[in-house]
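Novice: Following this message is one structure expressed as structure tokens.
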Amino acid sequence: MVIKVFLASSSGSTAIKKKQQDVVSFLDALKVDYTELDIACNEQNRMWMRQNVPEEKKPSNGIPLPPQIFNEESYCGDYDTFFDAKEDNRVYTFLGLPPPPGSKEVPVEERNGGSHREEEEGEREGEGGEAEDEETEGDTALAEEEDEEEAEGEEDNEEEAQAEEEEDQEREDLRSEVTVTSSTESLIVIRSHVKTPHYLPPHQRSLIPSFSANIFIPPQL
């Protein structure tokens, strides 16, 4: 790749001469290979430069002034864009050249790649954080479910214990209360009273009557 710098060797403008000298001196300092093309004494160079400068980069009168810089056939820019690139430490990018080893300038590809890598790392960290949050939420939900199951188990145990107590009480109520008394006539009176369970329906309660009986036992000889 050859850098082309279009100059006007016999320009009467001090400003143009200063800009041209600034570009050439900086390229020499960077040891960049370039070719000077004079438009003052070569009409072909003048026409080629005017035809290849993009329309949007031309001044209002349509005639671009030197210095104009190209990389082969590709337009790089004029002095103003060159100066901005120099101030931003990206002259090699401006010229379309890879920076040499040890240069402070980072190639566009690496700069974009680095940004892309940073974005990917940020996304991975974000996904890792979301996964950790999901695991924490899952552990919390599991612990809550275990606590609920334990509470339900305790309630079931209490209900079972209460039911057993009620059943025991009902069995006690259903037991016959027997009173045995003796008299001089050797008469034993047995009285039994059966309580009607409170949980039976009315039509079944009538089937369990209270009763009493007199039983005669002959005296022993």
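Scheme for the structure tokens: letters A, B, ... for chains in order shown; per-chain residue numbers from 1; ligand numbers from 1 in order shown.
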Skipping near chain neighbours, those fewer than 3 positions away, what residues fall within 8 Å of region 11-18 of chain A using only C-alpha atoms, listed as a list of chain:residue names?
Specialist: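 Counting only C-alpha atoms, the residues come to A:Ala8, A:Gln21, A:Asp22, A:Ala40, A:Pro66, A:Pro67.
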Novice: Hey, what's within 10 Å of region 56-64 of chain A if we count only C-alpha atoms and toss same-chain stuff fewer than 3 positions away? As a VMD selection string, please?
Specialist: chain A and resid 46 49 to 51 53 67 to 68 75 77 to 78
Novice: Could you write those residues out with N, CA and C atoms, as a PDB file, in the first residue's frame?
Specialist:
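Output below, filename again_1.pdb:
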ATOM      1  N   ARG A  46      -3.491  16.950 -10.851  1.00  0.00           N
ATOM      2  CA  ARG A  46      -4.549  17.853 -10.398  1.00  0.00           C
ATOM      3  C   ARG A  46      -5.925  17.263 -10.716  1.00  0.00           C
ATOM      4  N   MET A  49      -6.737  14.115  -8.550  1.00  0.00           N
ATOM      5  CA  MET A  49      -7.091  14.463  -7.175  1.00  0.00           C
ATOM      6  C   MET A  49      -8.513  15.005  -7.112  1.00  0.00           C
ATOM      7  N   ARG A  50      -8.881  15.909  -7.994  1.00  0.00           N
ATOM      8  CA  ARG A  50     -10.217  16.505  -7.963  1.00  0.00           C
ATOM      9  C   ARG A  50     -11.314  15.468  -8.227  1.00  0.00           C
ATOM     10  N   GLN A  51     -11.022  14.508  -9.099  1.00  0.00           N
ATOM     11  CA  GLN A  51     -12.031  13.511  -9.445  1.00  0.00           C
ATOM     12  C   GLN A  51     -12.233  12.471  -8.344  1.00  0.00           C
ATOM     13  N   VAL A  53     -11.591  12.893  -4.917  1.00  0.00           N
ATOM     14  CA  VAL A  53     -12.055  13.370  -3.609  1.00  0.00           C
ATOM     15  C   VAL A  53     -13.582  13.256  -3.595  1.00  0.00           C
ATOM     16  N   PRO A  67      -3.185  20.038   1.252  1.00  0.00           N
ATOM     17  CA  PRO A  67      -2.845  18.648   0.916  1.00  0.00           C
ATOM     18  C   PRO A  67      -4.065  17.710   0.992  1.00  0.00           C
ATOM     19  N   GLN A  68      -4.095  16.741   0.074  1.00  0.00           N
ATOM     20  CA  GLN A  68      -5.098  15.681   0.071  1.00  0.00           C
ATOM     21  C   GLN A  68      -4.364  14.349   0.149  1.00  0.00           C
ATOM     22  N   TYR A  75      -9.584   7.225  -0.545  1.00  0.00           N
ATOM     23  CA  TYR A  75      -9.426   8.558   0.022  1.00  0.00           C
ATOM     24  C   TYR A  75      -9.310   8.476   1.536  1.00  0.00           C
ATOM     25  N   GLY A  77      -8.314  11.614   3.546  1.00  0.00           N
ATOM     26  CA  GLY A  77      -8.848  12.864   4.041  1.00  0.00           C
ATOM     27  C   GLY A  77      -7.947  14.039   3.690  1.00  0.00           C
ATOM     28  N   ASP A  78      -8.392  15.220   4.167  1.00  0.00           N
ATOM     29  CA  ASP A  78      -7.600  16.427   3.942  1.00  0.00           C
ATOM     30  C   ASP A  78      -6.801  16.742   5.195  1.00  0.00           C
TER      31      ASP A  78
END
